[in-house]
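Visitor: First the structure, then my questions, so here it is.
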Amino acid sequence: MKITPKDFFLWFGAMAALYGSVASLIALLFQYINYAFPDPLAYYYVEPYSGGMRFAMASLIVLVPLTLVLMRLLRSDMIAVPEKKDLWVRRWALMLTIFIGGAVVIGDLITLINYFLGGDLTTRFVLKVFVVLGVAGGVFLHFLADIRGYWLENVARAKMVGYAAGVLVLLSIIAGFFIMGSPSQVRLYRFDDQKVSDLQNIQWQIVNFWQQKERLPKSLDELEDPISGFIVPKDQQTGSSYVFTLGEGMAFNLCATFNAESQGPAKQTAYYESYPVGDVSNENWQHGAGEHCFERIIDPERYPPYQNGMEKPLPTIVR
């Protein structure tokens, strides 16, 4: 039977959506494993709002229903016109999927055995291996049965498998909201993060002010400089100014009102700096919900005044 453009693009679209769904599901489950079993030796950057998790969830929300709808259309078309099950595009699509699924399963098992023989197995790694094995193995078996005509002969079971896959993906997506919070909660976390970033910027402007003038500013307004272009940031959530108070000696406080408790050290520390800048005594940026003040004490030995009018470049915090 001659292939039509409709047949070609239906199969092409179905396979593209399927591969994207499988990759997104594996990526999402990997994110959950990383969250549940953090690796203390992993020094890579941790995105504070689960960007990878969000992207995988968004991909699944779009691609999985699309895959199920396209596969349902293809099977209905083949039931109505049985000759279409012999189209070359179908045979190539199924065989390619079976080949990729089988290759992934074999590679996954080789990797597992290799790490086992090397004594490097961890719970985190083993779980990821079984995720790949389960997902890729399921795809392999499903399309192996499909190329043998099993699902065309058992339409009811094919529908059940589709529903089961949809439920599995739905549960995986719901789990993500328990980890990263609802969109409104994520937005509140972003406001808190911006407040911490603003206070960091203000802090280093205060240190620079001390090094230039050998005194602390009486108010944040003194930090503004039309030449450098620095303007004291305000709380973007409320539009109010941050609270600055002087303590005894070289101590000062920076205060802000936060929506929630810090989401962990990896999420609320700086992101970060273009240059190493040293420490301010007792410096950390963890906070609770509500108003919180960060007390800072400038150490004159670490941050001596500039000599002979020589300015030292201010460290730049990059977001």
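Scheme for the structure tokens: letters A, B, ... for chains in order shown; per-chain residue numbers from 1; ligand numbers from 1 in order shown.
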What residues in stretch 176-306 of chain A get the DSSP label strand (DSSP E)? Please answer as a list of chain:residue names.
Guide: A:Val243, A:Phe244, A:Thr245, A:Leu246, A:Ala251, A:Phe252, A:Asn253, A:Leu254, A:Cys255, A:Ala256, A:Thr257, A:Phe258, A:Gly290, A:Glu291, A:His292, A:Cys293, A:Phe294, A:Glu295, A:Arg296, A:Ile297
Visitor: Any chance you could export the current selection's N, CA and C atoms as a JSON list (two decimals), in the first residue's frame?
Guide:
```json
[["chain", "number", "residue", "atom", "x", "y", "z"],
["A", 243, "VAL", "N", 15.99, 47.60, 55.51],
["A", 243, "VAL", "CA", 16.30, 48.24, 56.78],
["A", 243, "VAL", "C", 17.80, 48.13, 57.05],
["A", 244, "PHE", "N", 18.41, 49.26, 57.35],
["A", 244, "PHE", "CA", 19.84, 49.32, 57.68],
["A", 244, "PHE", "C", 19.98, 50.04, 59.02],
["A", 245, "THR", "N", 20.67, 49.38, 59.97],
["A", 245, "THR", "CA", 20.91, 50.00, 61.28],
["A", 245, "THR", "C", 22.37, 49.81, 61.65],
["A", 246, "LEU", "N", 22.90, 50.80, 62.34],
["A", 246, "LEU", "CA", 24.28, 50.74, 62.82],
["A", 246, "LEU", "C", 24.32, 50.10, 64.20],
["A", 251, "ALA", "N", 29.98, 47.30, 63.51],
["A", 251, "ALA", "CA", 28.85, 46.39, 63.26],
["A", 251, "ALA", "C", 27.69, 47.12, 62.60],
["A", 252, "PHE", "N", 26.96, 46.41, 61.78],
["A", 252, "PHE", "CA", 25.74, 46.95, 61.19],
["A", 252, "PHE", "C", 24.80, 45.80, 60.89],
["A", 253, "ASN", "N", 23.54, 46.12, 60.71],
["A", 253, "ASN", "CA", 22.51, 45.13, 60.42],
["A", 253, "ASN", "C", 21.80, 45.47, 59.11],
["A", 254, "LEU", "N", 21.50, 44.43, 58.34],
["A", 254, "LEU", "CA", 20.68, 44.56, 57.13],
["A", 254, "LEU", "C", 19.48, 43.64, 57.32],
["A", 255, "CYS", "N", 18.29, 44.20, 57.13],
["A", 255, "CYS", "CA", 17.08, 43.44, 57.43],
["A", 255, "CYS", "C", 16.13, 43.45, 56.23],
["A", 256, "ALA", "N", 15.38, 42.36, 56.12],
["A", 256, "ALA", "CA", 14.36, 42.23, 55.09],
["A", 256, "ALA", "C", 13.29, 41.29, 55.61],
["A", 257, "THR", "N", 12.12, 41.34, 54.99],
["A", 257, "THR", "CA", 11.01, 40.45, 55.35],
["A", 257, "THR", "C", 10.90, 39.37, 54.29],
["A", 258, "PHE", "N", 11.03, 38.13, 54.73],
["A", 258, "PHE", "CA", 11.05, 36.99, 53.81],
["A", 258, "PHE", "C", 9.75, 36.21, 53.86],
["A", 290, "GLY", "N", 9.39, 35.70, 57.63],
["A", 290, "GLY", "CA", 9.16, 36.94, 58.35],
["A", 290, "GLY", "C", 10.39, 37.84, 58.33],
["A", 291, "GLU", "N", 10.41, 38.84, 59.20],
["A", 291, "GLU", "CA", 11.52, 39.79, 59.23],
["A", 291, "GLU", "C", 12.77, 39.11, 59.79],
["A", 292, "HIS", "N", 13.87, 39.30, 59.11],
["A", 292, "HIS", "CA", 15.13, 38.70, 59.55],
["A", 292, "HIS", "C", 16.25, 39.69, 59.30],
["A", 293, "CYS", "N", 17.14, 39.83, 60.29],
["A", 293, "CYS", "CA", 18.26, 40.75, 60.18],
["A", 293, "CYS", "C", 19.58, 39.97, 60.14],
["A", 294, "PHE", "N", 20.46, 40.43, 59.29],
["A", 294, "PHE", "CA", 21.80, 39.84, 59.17],
["A", 294, "PHE", "C", 22.79, 40.80, 59.81],
["A", 295, "GLU", "N", 23.44, 40.36, 60.86],
["A", 295, "GLU", "CA", 24.43, 41.20, 61.54],
["A", 295, "GLU", "C", 25.79, 40.99, 60.91],
["A", 296, "ARG", "N", 26.44, 42.06, 60.58],
["A", 296, "ARG", "CA", 27.75, 42.01, 59.98],
["A", 296, "ARG", "C", 28.71, 42.90, 60.78],
["A", 297, "ILE", "N", 29.96, 42.42, 60.90],
["A", 297, "ILE", "CA", 31.01, 43.18, 61.58],
["A", 297, "ILE", "C", 32.20, 43.24, 60.64]]
```
Visitor: Name the residues in contact with A:Ser172 at a cut-off of 12 Å, using only C-alpha atoms, excluding same-chain residues fewer than 3 positions from it; report them as a PyMOL selection string.
Guide: chain A and resi 24-32+53-54+56-58+60-61+165-169+175-179
Visitor: Which residues are close to stretch 226-237 of chain A, i.e. within 9 Å by only C-alpha atoms, leaving aside same-chain residues fewer than 6 positions away? Reply as a VMD selection string.
Guide: chain A and resid 188 191 to 192 194 to 195 198 to 199 201 to 202 205 220 256 to 257
Visitor: Mind dumping the selected residues with N, CA and C atoms as an mmCIF file, in the first residue's frame?
Guide:
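Listed below is the output, part17.cif:
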```
data_model
loop_
_atom_site.group_PDB
_atom_site.id
_atom_site.type_symbol
_atom_site.label_atom_id
_atom_site.label_comp_id
_atom_site.auth_asym_id
_atom_site.auth_seq_id
_atom_site.Cartn_x
_atom_site.Cartn_y
_atom_site.Cartn_z
ATOM 1 N N LEU A 188 7.369 33.047 45.318
ATOM 2 C CA LEU A 188 7.742 33.632 46.612
ATOM 3 C C LEU A 188 9.200 33.328 46.939
ATOM 4 N N PHE A 191 11.314 35.744 45.044
ATOM 5 C CA PHE A 191 11.372 37.055 45.698
ATOM 6 C C PHE A 191 12.376 37.025 46.844
ATOM 7 N N ASP A 192 12.359 35.961 47.640
ATOM 8 C CA ASP A 192 13.302 35.853 48.755
ATOM 9 C C ASP A 192 14.736 35.827 48.260
ATOM 10 N N GLN A 194 15.875 37.153 45.525
ATOM 11 C CA GLN A 194 16.227 38.492 45.058
ATOM 12 C C GLN A 194 16.568 39.401 46.233
ATOM 13 N N LYS A 195 15.855 39.232 47.341
ATOM 14 C CA LYS A 195 16.140 40.039 48.532
ATOM 15 C C LYS A 195 17.531 39.735 49.076
ATOM 16 N N ASP A 198 20.031 41.358 46.799
ATOM 17 C CA ASP A 198 20.093 42.813 47.034
ATOM 18 C C ASP A 198 20.890 43.130 48.292
ATOM 19 N N LEU A 199 20.651 42.359 49.358
ATOM 20 C CA LEU A 199 21.370 42.609 50.608
ATOM 21 C C LEU A 199 22.861 42.318 50.448
ATOM 22 N N ASN A 201 24.550 42.768 47.721
ATOM 23 C CA ASN A 201 25.066 43.913 46.976
ATOM 24 C C ASN A 201 25.240 45.118 47.895
ATOM 25 N N ILE A 202 24.242 45.374 48.710
ATOM 26 C CA ILE A 202 24.323 46.499 49.653
ATOM 27 C C ILE A 202 25.473 46.297 50.629
ATOM 28 N N GLN A 205 28.711 47.215 49.101
ATOM 29 C CA GLN A 205 28.791 48.669 48.935
ATOM 30 C C GLN A 205 29.141 49.347 50.267
ATOM 31 N N LEU A 220 21.428 54.235 54.064
ATOM 32 C CA LEU A 220 21.704 53.631 52.762
ATOM 33 C C LEU A 220 21.774 54.672 51.657
ATOM 34 N N ALA A 256 15.383 42.362 56.117
ATOM 35 C CA ALA A 256 14.362 42.228 55.088
ATOM 36 C C ALA A 256 13.285 41.288 55.613
ATOM 37 N N THR A 257 12.120 41.340 54.986
ATOM 38 C CA THR A 257 11.014 40.453 55.353
ATOM 39 C C THR A 257 10.896 39.370 54.288
#
```
Visitor: Return the single residue from A:Ala80, A:Leu66, A:Leu141, A:Leu73 that is closest to A:Ile100, with distances computed using only C-alpha atoms.
Guide: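 Result for the nearest residue to A:Ile100: A:Leu141.
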Visitor: Work out how far apart atom CA of A:Leu112 and atom CA of A:Ala136 are and give it in Å to one decimal.
Guide: 14.8 Å
Visitor: With only C-alpha atoms as the basis for distance, which of A:Arg215, A:Arg75, A:Arg157, A:Arg187 is at the shortest distance from A:Trp11?
Guide: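 For A:Trp11, the nearest of the given residues is A:Arg75.
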Visitor: Just how far from atom CA of A:Lys159 is atom CA of A:Arg72, in Å to one decimal?
Guide: 8.4 Å
Visitor: Using only C-alpha atoms, which residues sit within 12 Å of A:Ala158 once same-chain residues fewer than 6 positions away are excluded, as a list in words?
Guide: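 Using only C-alpha atoms, the neighbours found are Leu68, Met71, Arg72, Arg75, Ser76, His142, Phe143, Ala145, Asp146, Gly149, Tyr150, Trp151, Leu152, Ala164 and Ala165 of chain A.
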Visitor: Write a file of the selected residues as a short mmCIF file (atom, residue, chain, number, x, y, z; two decimals), in the first residue's frame, keeping C-alpha atoms.
Guide:
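Contents of out.cif, as written:
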```cif
data_model
loop_
_atom_site.label_atom_id
_atom_site.label_comp_id
_atom_site.auth_asym_id
_atom_site.auth_seq_id
_atom_site.Cartn_x
_atom_site.Cartn_y
_atom_site.Cartn_z
CA LEU A 68 -1.12 8.72 23.44
CA MET A 71 -0.74 6.28 18.85
CA ARG A 72 -4.49 5.93 19.29
CA ARG A 75 -4.02 2.10 15.73
CA SER A 76 -7.56 3.18 14.84
CA HIS A 142 5.82 -2.73 24.24
CA PHE A 143 6.98 -2.14 20.68
CA ALA A 145 4.75 -6.82 20.98
CA ASP A 146 3.43 -4.13 18.64
CA GLY A 149 0.58 -7.35 16.03
CA TYR A 150 -0.30 -8.07 19.67
CA TRP A 151 -1.86 -4.68 20.42
CA LEU A 152 -3.93 -4.70 17.23
CA ALA A 164 -1.44 2.96 32.98
CA ALA A 165 1.36 4.94 31.31
#
```
Visitor: Select, from A:Gln211, A:Ser59, A:Ser184, A:Thr97, the residue with the minimum atom-to-atom distance to A:Val139, counting only C-alpha atoms.
Guide: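 Nearest candidate to A:Val139 out of A:Gln211, A:Ser59, A:Ser184, A:Thr97: A:Thr97.
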Visitor: Using only C-alpha atoms, which of the listed residues (A:Asn208, A:Thr67, A:Ser21, A:Asn114) sits closest to A:Tyr303?
Guide: A:Asn208
Visitor: Got a sec: who's within 9 Å of A:Lys128, counting only C-alpha atoms, leaving out chain neighbours fewer than 2 positions off, as a PyMOL selection string?
Guide: chain A and resi 26+29-30+33+123-126+130-133
Visitor: Just give me the gap between atom CA of A:Leu144 and atom CA of A:Trp88 in Å, one decimal is fine.
Guide: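 Value for the atom CA of A:Leu144-atom CA of A:Trp88 distance: 16.1 Å.
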Visitor: Check stretch 96-290 of chain A with DSSP on the backbone and list each residue it calls alpha helix (DSSP H), as a PyMOL selection string.
Guide: chain A and resi 96-117+123-147+150-153+155-180+183-213+265-268
Visitor: Nearest to A:Thr4 among A:Leu87, A:Ile79, A:Val64, A:Leu70, with distances taken over only C-alpha atoms: which residue is it?
Guide: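 Ranked by minimum distance to A:Thr4, first place goes to A:Leu87.
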